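Peer 1: So here's query.tsv, just TSV, C-alpha atoms:
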```tsv
chain	number	residue	atom	x	y	z
A	1	MET	CA	-30.25	19.27	-13.03
A	2	GLU	CA	-32.78	22.07	-13.42
A	3	LEU	CA	-31.01	22.86	-16.70
A	4	ILE	CA	-32.12	19.66	-18.44
A	5	MET	CA	-35.38	21.05	-19.75
A	6	PRO	CA	-34.02	24.40	-21.06
A	7	ALA	CA	-31.04	22.55	-22.56
A	8	PHE	CA	-33.37	20.12	-24.33
A	9	ALA	CA	-35.36	23.04	-25.76
A	10	ALA	CA	-32.18	24.88	-26.82
A	11	VAL	CA	-30.81	21.80	-28.60
A	12	ILE	CA	-34.06	21.44	-30.56
A	13	ILE	CA	-34.13	25.09	-31.57
A	14	ILE	CA	-30.43	25.22	-32.53
A	15	PHE	CA	-30.81	22.02	-34.56
A	16	GLY	CA	-33.77	23.65	-36.33
A	17	LEU	CA	-31.76	26.80	-37.09
A	18	VAL	CA	-28.84	24.78	-38.44
A	19	LYS	CA	-31.21	22.85	-40.71
A	20	ARG	CA	-32.76	26.17	-41.85
A	21	VAL	CA	-36.27	25.33	-40.66
A	22	PRO	CA	-38.71	28.26	-40.20
A	23	VAL	CA	-38.46	27.78	-36.44
A	24	PHE	CA	-41.13	30.15	-35.21
A	25	ASP	CA	-43.71	29.14	-37.85
A	26	CYS	CA	-43.21	25.51	-36.87
A	27	PHE	CA	-43.56	26.40	-33.23
A	28	ILE	CA	-46.88	28.18	-33.85
A	29	GLU	CA	-48.19	25.29	-35.89
A	30	GLY	CA	-47.23	22.79	-33.19
A	31	ALA	CA	-48.65	24.91	-30.38
A	32	LYS	CA	-51.94	25.07	-32.26
A	33	GLU	CA	-51.99	21.27	-32.39
A	34	GLY	CA	-51.26	21.32	-28.67
A	35	PHE	CA	-54.58	22.98	-28.01
A	36	LEU	CA	-56.35	20.30	-30.05
A	37	THR	CA	-54.57	17.64	-28.02
A	38	LEU	CA	-55.70	19.30	-24.85
A	39	TYR	CA	-59.26	19.42	-26.10
A	40	ARG	CA	-59.08	15.68	-26.78
A	41	ILE	CA	-57.76	14.68	-23.34
A	42	ALA	CA	-59.71	17.20	-21.23
A	43	PRO	CA	-62.90	15.12	-20.68
A	44	THR	CA	-60.87	12.07	-19.63
A	45	ILE	CA	-58.87	14.07	-17.13
A	46	LEU	CA	-62.01	15.66	-15.73
A	47	GLY	CA	-63.53	12.23	-15.17
A	48	LEU	CA	-60.44	10.93	-13.44
A	49	VAL	CA	-59.79	13.93	-11.20
A	50	PHE	CA	-63.45	13.82	-10.19
A	51	ALA	CA	-63.21	10.16	-9.15
A	52	VAL	CA	-60.00	10.76	-7.18
A	53	GLY	CA	-61.59	13.75	-5.46
A	54	LEU	CA	-64.51	11.59	-4.35
A	55	LEU	CA	-62.17	8.87	-3.08
A	56	ARG	CA	-60.38	11.34	-0.86
A	57	SER	CA	-63.27	13.47	0.37
A	58	SER	CA	-65.54	10.52	1.20
A	59	GLY	CA	-62.87	8.93	3.38
A	60	ALA	CA	-62.93	5.87	1.10
A	61	ILE	CA	-59.15	6.06	0.76
A	62	ASP	CA	-58.79	5.79	4.57
A	63	VAL	CA	-61.14	2.82	4.63
A	64	ILE	CA	-59.05	1.05	2.00
A	65	CYS	CA	-55.83	1.92	3.85
A	66	THR	CA	-57.13	0.54	7.14
A	67	ALA	CA	-58.23	-2.62	5.38
A	68	LEU	CA	-54.84	-3.01	3.70
A	69	SER	CA	-52.53	-2.19	6.62
A	70	PRO	CA	-52.39	-5.77	7.96
A	71	VAL	CA	-51.43	-6.97	4.48
A	72	ALA	CA	-48.80	-4.23	4.16
A	73	ASP	CA	-47.45	-5.10	7.59
A	74	ALA	CA	-47.23	-8.77	6.70
A	75	VAL	CA	-45.12	-8.13	3.58
A	76	GLY	CA	-42.87	-5.63	5.36
A	77	PHE	CA	-44.29	-2.55	3.69
A	78	PRO	CA	-44.50	0.50	6.00
A	79	VAL	CA	-48.14	1.25	6.89
A	80	GLU	CA	-47.50	5.01	6.72
A	81	VAL	CA	-46.78	4.76	3.01
A	82	VAL	CA	-49.96	2.82	2.09
A	83	PRO	CA	-52.06	5.93	1.29
A	84	MET	CA	-49.40	7.26	-1.03
A	85	ALA	CA	-48.96	3.87	-2.71
A	86	LEU	CA	-52.71	3.73	-3.34
A	87	LEU	CA	-53.00	7.21	-4.76
A	88	ARG	CA	-49.83	7.04	-6.83
A	89	PRO	CA	-51.45	5.29	-9.86
A	90	VAL	CA	-54.24	7.84	-10.22
A	91	SER	CA	-52.93	11.21	-9.19
A	92	GLY	CA	-49.45	12.72	-9.47
A	93	GLY	CA	-50.32	15.79	-7.41
A	94	GLY	CA	-52.26	13.82	-4.79
A	95	SER	CA	-49.47	11.32	-4.26
A	96	THR	CA	-46.88	14.09	-4.02
A	97	ALA	CA	-48.98	15.70	-1.30
A	98	LEU	CA	-49.03	12.37	0.56
A	99	LEU	CA	-45.29	11.87	0.01
A	100	ILE	CA	-44.73	15.24	1.68
A	101	SER	CA	-46.94	14.25	4.60
A	102	VAL	CA	-44.82	11.10	5.08
A	103	PHE	CA	-41.72	13.35	5.09
A	104	GLU	CA	-43.35	15.65	7.65
A	105	ASP	CA	-44.59	12.84	9.91
A	106	CYS	CA	-41.63	10.46	9.77
A	107	GLY	CA	-38.79	12.42	8.15
A	108	PRO	CA	-37.26	11.76	4.72
A	109	ASP	CA	-34.47	9.61	6.17
A	110	SER	CA	-36.75	7.31	8.18
A	111	PHE	CA	-37.60	3.84	6.87
A	112	ALA	CA	-41.06	5.01	5.77
A	113	GLY	CA	-39.63	8.18	4.24
A	114	ARG	CA	-37.08	6.22	2.24
A	115	VAL	CA	-39.57	3.64	1.02
A	116	ALA	CA	-41.96	6.41	0.01
A	117	SER	CA	-39.13	8.11	-1.89
A	118	VAL	CA	-38.06	4.99	-3.74
A	119	LEU	CA	-41.66	4.18	-4.62
A	120	ALA	CA	-42.29	7.71	-5.86
A	121	GLY	CA	-39.15	7.50	-8.00
A	122	SER	CA	-39.89	4.11	-9.50
A	123	SER	CA	-43.59	4.33	-10.32
A	124	GLU	CA	-45.78	6.50	-12.49
A	125	THR	CA	-49.37	7.70	-12.53
A	126	THR	CA	-50.48	4.45	-14.15
A	127	PHE	CA	-54.23	4.93	-14.53
A	128	PHE	CA	-53.80	8.53	-15.49
A	129	ALA	CA	-51.50	7.51	-18.35
A	130	ILE	CA	-53.78	4.67	-19.46
A	131	THR	CA	-56.95	6.76	-19.54
A	132	MET	CA	-55.24	9.72	-21.17
A	133	TYR	CA	-53.46	7.79	-23.92
A	134	PHE	CA	-56.31	5.43	-24.81
A	135	GLY	CA	-58.92	8.12	-24.27
A	136	SER	CA	-57.17	10.45	-26.72
A	137	VAL	CA	-57.78	8.06	-29.61
A	138	GLY	CA	-61.05	6.58	-28.40
A	139	VAL	CA	-59.76	3.02	-27.93
A	140	ARG	CA	-61.97	1.29	-25.38
A	141	ARG	CA	-60.80	-2.32	-25.44
A	142	ILE	CA	-57.40	-1.95	-23.82
A	143	ARG	CA	-56.82	-5.73	-23.45
A	144	HIS	CA	-54.14	-6.59	-20.88
A	145	THR	CA	-52.73	-3.06	-20.46
A	146	ALA	CA	-54.17	-2.54	-16.98
A	147	ILE	CA	-53.05	-5.95	-15.70
A	148	ALA	CA	-49.46	-5.45	-16.88
A	149	ALA	CA	-49.37	-1.92	-15.49
A	150	VAL	CA	-50.79	-2.87	-12.08
A	151	ALA	CA	-48.36	-5.78	-11.82
A	152	ALA	CA	-45.55	-3.31	-12.46
A	153	ASP	CA	-46.85	-1.03	-9.70
A	154	LEU	CA	-47.02	-3.93	-7.25
A	155	THR	CA	-43.48	-4.89	-8.20
A	156	ALA	CA	-42.33	-1.34	-7.48
A	157	MET	CA	-44.06	-1.43	-4.07
A	158	ILE	CA	-42.51	-4.73	-2.99
A	159	MET	CA	-39.10	-3.84	-4.41
A	160	SER	CA	-39.02	-0.40	-2.77
A	161	ALA	CA	-39.45	-1.85	0.72
A	162	ALA	CA	-37.03	-4.72	0.04
A	163	LEU	CA	-34.34	-2.50	-1.51
A	164	VAL	CA	-34.43	0.09	1.27
A	165	ARG	CA	-33.87	-2.75	3.75
A	166	LEU	CA	-31.03	-4.07	1.64
A	167	PHE	CA	-29.18	-0.87	0.76
A	168	LEU	CA	-29.92	1.82	3.33
B	1	MET	CA	-62.79	-2.02	-18.12
B	2	LEU	CA	-62.08	1.60	-17.15
B	3	GLY	CA	-65.80	2.23	-17.03
B	4	TYR	CA	-66.16	-0.44	-14.34
B	5	ILE	CA	-63.25	0.88	-12.28
B	6	TRP	CA	-64.58	4.41	-12.55
B	7	SER	CA	-68.14	3.45	-11.56
B	8	PHE	CA	-66.84	1.33	-8.72
B	9	ILE	CA	-64.78	4.24	-7.33
B	10	ILE	CA	-67.80	6.55	-7.34
B	11	ILE	CA	-70.28	4.10	-5.84
B	12	PHE	CA	-67.77	2.89	-3.26
B	13	SER	CA	-67.01	6.51	-2.28
B	14	LEU	CA	-70.71	7.27	-1.91
B	15	ILE	CA	-71.19	4.25	0.39
B	16	CYS	CA	-68.12	5.18	2.45
B	17	SER	CA	-69.25	8.78	2.86
B	18	LEU	CA	-72.68	7.60	4.08
B	19	PHE	CA	-71.15	5.27	6.66
B	20	LEU	CA	-68.49	7.70	7.79
B	21	GLY	CA	-70.82	10.68	7.92
B	22	ASN	CA	-68.73	12.61	5.44
B	23	THR	CA	-71.64	13.55	3.23
B	24	GLN	CA	-71.06	17.30	3.41
B	25	ASN	CA	-67.41	16.95	2.37
B	26	PHE	CA	-68.46	14.45	-0.22
B	27	SER	CA	-71.01	16.64	-1.92
B	28	ASN	CA	-68.64	19.62	-1.79
B	29	SER	CA	-66.06	17.63	-3.66
B	30	PHE	CA	-68.44	17.26	-6.59
B	31	THR	CA	-67.85	20.90	-7.44
B	32	ASP	CA	-64.34	21.15	-5.99
B	33	SER	CA	-62.93	18.24	-7.96
B	34	ALA	CA	-64.37	19.57	-11.20
B	35	ALA	CA	-62.65	22.87	-10.48
B	36	ASP	CA	-59.43	20.98	-9.60
B	37	ALA	CA	-59.59	19.24	-12.95
B	38	ILE	CA	-59.76	22.54	-14.81
B	39	GLU	CA	-56.86	23.85	-12.76
B	40	LEU	CA	-54.81	20.80	-13.67
B	41	LEU	CA	-55.79	21.22	-17.31
B	42	LEU	CA	-54.66	24.84	-17.27
B	43	THR	CA	-51.27	23.77	-15.91
B	44	LEU	CA	-51.06	21.05	-18.54
B	45	ALA	CA	-52.25	23.44	-21.26
B	46	GLY	CA	-49.16	25.62	-21.02
B	47	VAL	CA	-46.70	22.74	-21.00
B	48	ILE	CA	-48.47	20.73	-23.69
B	49	CYS	CA	-48.81	23.64	-26.12
B	50	LEU	CA	-45.26	24.86	-25.54
B	51	TRP	CA	-43.75	21.42	-26.07
B	52	SER	CA	-46.01	20.58	-28.99
B	53	GLY	CA	-44.56	23.68	-30.62
B	54	LEU	CA	-40.97	22.70	-29.84
B	55	MET	CA	-41.62	19.12	-30.94
B	56	LYS	CA	-42.88	20.41	-34.28
B	57	ILE	CA	-39.51	22.10	-34.80
B	58	ALA	CA	-37.77	18.86	-33.80
B	59	GLU	CA	-39.90	16.95	-36.29
B	60	ARG	CA	-39.44	19.34	-39.20
B	61	SER	CA	-35.68	19.68	-38.71
B	62	GLY	CA	-35.06	15.96	-38.59
B	63	PHE	CA	-34.08	16.00	-34.90
B	64	THR	CA	-36.66	13.31	-34.13
B	65	ARG	CA	-35.14	11.13	-36.87
B	66	VAL	CA	-31.73	11.41	-35.20
B	67	ILE	CA	-33.20	10.42	-31.82
B	68	ALA	CA	-35.17	7.61	-33.45
B	69	LYS	CA	-31.97	6.27	-35.01
B	70	LEU	CA	-30.20	6.38	-31.63
B	71	LEU	CA	-32.95	4.49	-29.86
B	72	SER	CA	-33.84	2.16	-32.70
B	73	PRO	CA	-31.69	-0.82	-31.64
B	74	LEU	CA	-33.75	-0.93	-28.44
B	75	LEU	CA	-37.15	0.09	-29.77
B	76	LYS	CA	-36.91	-2.17	-32.82
B	77	ARG	CA	-37.05	-5.11	-30.43
B	78	LEU	CA	-40.06	-3.76	-28.59
B	79	PHE	CA	-41.96	-2.74	-31.72
B	80	PRO	CA	-40.84	-5.23	-34.36
B	81	ARG	CA	-43.74	-4.48	-36.70
B	82	LEU	CA	-43.10	-0.74	-36.89
B	83	ASP	CA	-41.06	0.77	-39.70
B	84	LYS	CA	-38.01	2.59	-38.35
B	85	ASN	CA	-38.80	5.64	-40.49
B	86	SER	CA	-42.49	5.85	-39.64
B	87	ALA	CA	-43.96	8.82	-37.82
B	88	ALA	CA	-45.12	6.44	-35.08
B	89	PHE	CA	-41.58	5.19	-34.48
B	90	GLU	CA	-40.21	8.74	-34.31
B	91	ALA	CA	-42.92	9.89	-31.92
B	92	ILE	CA	-42.30	6.88	-29.66
B	93	SER	CA	-38.56	7.67	-29.66
B	94	MET	CA	-39.17	11.27	-28.63
B	95	ASN	CA	-41.57	10.18	-25.91
B	96	ILE	CA	-39.12	7.63	-24.50
B	97	SER	CA	-36.14	10.00	-24.60
B	98	ALA	CA	-38.11	12.76	-22.84
B	99	ASN	CA	-39.14	10.21	-20.21
B	100	LEU	CA	-35.53	9.10	-19.72
B	101	LEU	CA	-34.53	12.71	-19.16
B	102	GLY	CA	-37.24	13.03	-16.54
B	103	LEU	CA	-39.30	15.49	-18.59
B	104	GLY	CA	-42.62	13.82	-17.85
B	105	ASN	CA	-44.90	16.54	-19.21
B	106	THR	CA	-42.66	17.06	-22.22
B	107	ALA	CA	-43.12	13.41	-23.09
B	108	THR	CA	-46.91	13.75	-23.30
B	109	PRO	CA	-47.28	15.55	-26.68
B	110	PRO	CA	-45.12	13.06	-28.65
B	111	GLY	CA	-46.79	10.26	-26.68
B	112	LEU	CA	-50.23	11.41	-27.78
B	113	LYS	CA	-48.94	11.72	-31.31
B	114	ALA	CA	-47.57	8.18	-31.16
B	115	MET	CA	-51.00	6.95	-30.08
B	116	ARG	CA	-52.65	8.75	-33.01
B	117	GLU	CA	-50.22	7.16	-35.45
B	118	LEU	CA	-50.62	3.70	-33.92
B	119	HIS	CA	-54.38	4.17	-34.01
B	120	ARG	CA	-54.21	4.98	-37.72
B	121	LEU	CA	-52.03	1.91	-38.39
B	122	ASN	CA	-54.54	-0.13	-36.42
B	123	GLY	CA	-57.34	0.84	-38.81
B	124	GLU	CA	-58.94	3.21	-36.26
B	125	GLY	CA	-60.46	0.24	-34.44
B	126	ASP	CA	-61.57	0.39	-30.82
B	127	ARG	CA	-59.39	-2.57	-29.81
B	128	ALA	CA	-55.84	-1.73	-28.76
B	129	SER	CA	-53.06	-3.03	-31.00
B	130	ASP	CA	-50.02	-4.88	-29.57
B	131	GLU	CA	-47.92	-1.76	-30.10
B	132	MET	CA	-50.39	0.43	-28.21
B	133	VAL	CA	-50.34	-1.91	-25.22
B	134	THR	CA	-46.54	-2.06	-25.15
B	135	PHE	CA	-46.23	1.70	-25.58
B	136	VAL	CA	-48.76	2.68	-22.90
B	137	VAL	CA	-47.35	0.12	-20.47
B	138	MET	CA	-43.88	1.65	-20.93
B	139	ASN	CA	-45.39	5.03	-20.07
B	140	THR	CA	-46.98	3.68	-16.90
B	141	ALA	CA	-43.56	2.52	-15.67
B	142	SER	CA	-40.95	5.02	-14.58
B	143	LEU	CA	-38.14	5.44	-17.11
B	144	GLN	CA	-36.65	8.48	-15.44
B	145	LEU	CA	-32.89	8.23	-14.88
B	146	MET	CA	-32.57	11.22	-12.57
B	147	PRO	CA	-35.48	11.86	-10.16
B	148	THR	CA	-34.68	15.55	-9.73
B	149	THR	CA	-37.95	16.74	-8.22
B	150	LEU	CA	-37.88	13.90	-5.72
B	151	GLY	CA	-34.31	14.76	-4.69
B	152	MET	CA	-35.23	18.41	-4.22
B	153	LEU	CA	-38.28	17.48	-2.14
B	154	ARG	CA	-36.14	15.24	0.08
B	155	ALA	CA	-33.54	17.97	0.51
B	156	GLY	CA	-36.29	20.47	1.28
B	157	TYR	CA	-37.55	18.30	4.13
B	158	GLY	CA	-34.11	18.01	5.69
B	159	SER	CA	-32.72	14.79	4.28
B	160	ALA	CA	-29.04	14.31	5.10
B	161	ALA	CA	-28.46	12.54	1.77
B	162	PRO	CA	-31.25	13.44	-0.68
B	163	PHE	CA	-29.93	11.22	-3.49
B	164	GLU	CA	-29.06	8.15	-1.41
B	165	ILE	CA	-32.23	6.59	-2.84
B	166	LEU	CA	-30.84	6.65	-6.38
B	167	VAL	CA	-29.60	3.07	-6.68
B	168	PRO	CA	-32.75	1.56	-5.11
B	169	VAL	CA	-34.86	3.74	-7.43
B	170	TRP	CA	-33.00	2.44	-10.49
B	171	ILE	CA	-33.25	-1.19	-9.47
B	172	SER	CA	-36.90	-0.90	-8.50
B	173	SER	CA	-37.74	0.93	-11.75
B	174	ALA	CA	-35.90	-1.66	-13.81
B	175	CYS	CA	-37.77	-4.51	-12.09
B	176	ALA	CA	-41.15	-2.81	-12.56
B	177	LEU	CA	-40.42	-2.04	-16.21
B	178	THR	CA	-39.30	-5.61	-16.84
B	179	VAL	CA	-42.47	-7.02	-15.27
B	180	ALA	CA	-44.59	-4.58	-17.32
B	181	LEU	CA	-42.90	-5.41	-20.61
B	182	VAL	CA	-42.83	-9.16	-20.06
B	183	LEU	CA	-46.55	-9.18	-19.22
B	184	ALA	CA	-47.36	-6.87	-22.13
B	185	LYS	CA	-45.47	-9.07	-24.56
B	186	ALA	CA	-46.86	-12.29	-23.12
B	187	GLY	CA	-50.37	-10.88	-23.28
B	188	ASN	CA	-49.82	-9.74	-26.84
B	189	ARG	CA	-48.85	-13.25	-27.80
B	190	LEU	CA	-51.77	-14.82	-25.94
B	191	THR	CA	-54.55	-12.49	-27.02
B	192	GLY	CA	-53.17	-11.07	-30.24
B	193	ARG	CA	-54.58	-11.56	-33.68
B	194	ALA	CA	-51.85	-11.04	-36.20
B	195	LYS	CA	-53.91	-8.85	-38.47
B	196	TRP	CA	-52.39	-5.56	-39.48
B	197	SER	CA	-52.15	-3.33	-42.48
```
Let me see the structure of the file written as structure tokens.

Peer 2:
Amino acid sequence: MELIMPAFAAVIIIFGLVKRVPVFDCFIEGAKEGFLTLYRIAPTILGLVFAVGLLRSSGAIDVICTALSPVADAVGFPVEVVPMALLRPVSGGGSTALLISVFEDCGPDSFAGRVASVLAGSSETTFFAITMYFGSVGVRRIRHTAIAAVAADLTAMIMSAALVRLFL
Amino acid sequence: MLGYIWSFIIIFSLICSLFLGNTQNFSNSFTDSAADAIELLLTLAGVICLWSGLMKIAERSGFTRVIAKLLSPLLKRLFPRLDKNSAAFEAISMNISANLLGLGNTATPPGLKAMRELHRLNGEGDRASDEMVTFVVMNTASLQLMPTTLGMLRAGYGSAAPFEILVPVWISSACALTVALVLAKAGNRLTGRAKWS
């Protein structure tokens, strides 16, 4: 599995060689554009990481979790996974850290551990993607993007608990 | 929209820190989180530049056109207004295939390129086009077929069957993606203005 990425790169390079493309010149040109891309998304990422940092350090995330645990309990969602579910849309690294803490506290094969795994595997860093992609081109009116994306995240949350009950 | 969410997060955090007595932590995180952001950007910088370079080779050699052709039966349905041979269509194809392979960071450079192309087709306006909404929503759902990192994490923490979660992950992902696409399409129809170059 760890070979997927190198294999993908090798296929691209071999294809380029077969088609007689100046491979290294292209690479340099593309890498240069990569820096421009980075320059374009950097401010957005700074703003988002800052907000997530505040949420965690202020204890606001714990407040929200406490407020939401009765709701989670009522729909059969494990309370231990609520912090991870909340952080998942904004921070990949942050939610991975919380996924690991669920593994440490409950074990990966516990109900909570399994639900956390399925949720981690079936959701993405929603708000991160939205701000980065729209921010990169300066589009501010994103219409119904956020609603559709949040609905998808909620679906993943409900489905992960239901499917673990059903299958495992 | 994002401005409101962002402001709300900051003001809400400030209020929470006052009530919880976390003010020292809170003010520390003003500098810490800025430093975290730069650290994240440095990690991203390597991957983005490397894969932008490789993607340029893929583009120039016609590899992206091959991928676009493979995915076009599916993507044509999702982006009916896009020309199959357009740069936008090719970039979207590369982004989606990298996502399917679980190469999240690899998918970002073609994804950003797709946004630039869609933005150009949209007349550089500040209102998202139907295609932009559909495309970004697809990127907020998980398309990954093989959650490798997750499996390795589970194994690392002593799971007896690290990949037992595979089938639930697929079903849950498929449901979430379906909800996202249905809502994106429905919203496009409801709020769209069919004006396009």

Peer 1: Within 6 Å of Gly34 of chain A, counting only C-alpha atoms, which residues qualify if same-chain residues fewer than 3 places away don't, as a PyMOL selection string?

Peer 2: (chain A and resi 31+37) or (chain B and resi 48-49+52)

Peer 1: Nearest residue to Val139 of chain A out of B:Val133, B:Leu44, B:Leu78, B:Leu190, using all atoms listed in the file?

Peer 2: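 For Val139 of chain A, the nearest of the candidates is B:Val133.
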
Peer 1: Tell me the residues of chain B close to chain A, meaning within 6 Å using only C-alpha atoms, as a PyMOL selection string.

Peer 2: chain B and resi 13+16-17+22+25-26+33-34+37+48-50+52-54+56-58+61+126-128+133+137+140-142+154+159+168-169+172-173+176+179-180+183-184

Peer 1: Calculate how many Å separate atom CA of Asn85 of chain B from atom CA of Gly62 of chain B, rounding to one decimal.

Peer 2: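 Interatomic distance here is 11.1 Å.
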
Peer 1: Would you compute the distance between atom CA of Glu39 of chain B and atom CA of Ser97 of chain B? Give it in Å to one decimal.

Peer 2: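 Interatomic distance here is 27.6 Å.
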
Peer 1: Please report the interatomic distance between atom CA of Ala116 of chain A and atom CA of Asn99 of chain B in Å with one decimal.

Peer 2: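 Atom-to-atom, atom CA of Ala116 of chain A and atom CA of Asn99 of chain B are spaced 20.8 Å apart.
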
Peer 1: What residues have an atom no more than 8 Å from (-32.8, 8.9, -14.5) in the file's own frame, counting all atoms listed in the file, and can you write them as a list in words?

Peer 2: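 Residues with an atom at most 8 Å from (-32.8, 8.9, -14.5): Leu100, Leu101, Gly102, Leu143, Gln144, Leu145, Met146, Pro147 and Trp170 of chain B.
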
Peer 1: Within 9 Å of Leu118 of chain B, counting all atoms listed in the file, which residues show up once you throw out same-chain ones fewer than 4 positions away? Write them as a ChimeraX atom specification, please.

Peer 2: /B:88,113-114,122-124,129,131-132

Peer 1: Measuring between all atoms listed in the file, which one of B:Leu20, B:Met115, B:Ala98, B:Met138 shows the shortest distance to Thr178 of chain B?

Peer 2: B:Met138

Peer 1: Find the residue from B:Ala35, B:Ile11, B:Ile96, B:Ala91 that sits nearest to Pro110 of chain B; use only C-alpha atoms when measuring.

Peer 2: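 When distances to Pro110 of chain B are compared using only C-alpha atoms, the smallest one comes from B:Ala91.
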
Peer 1: Pick from B:Met152, B:Pro80, B:Thr134, B:Asn28: nearest to Leu177 of chain B, with all atoms listed in the file counted?

Peer 2: B:Thr134
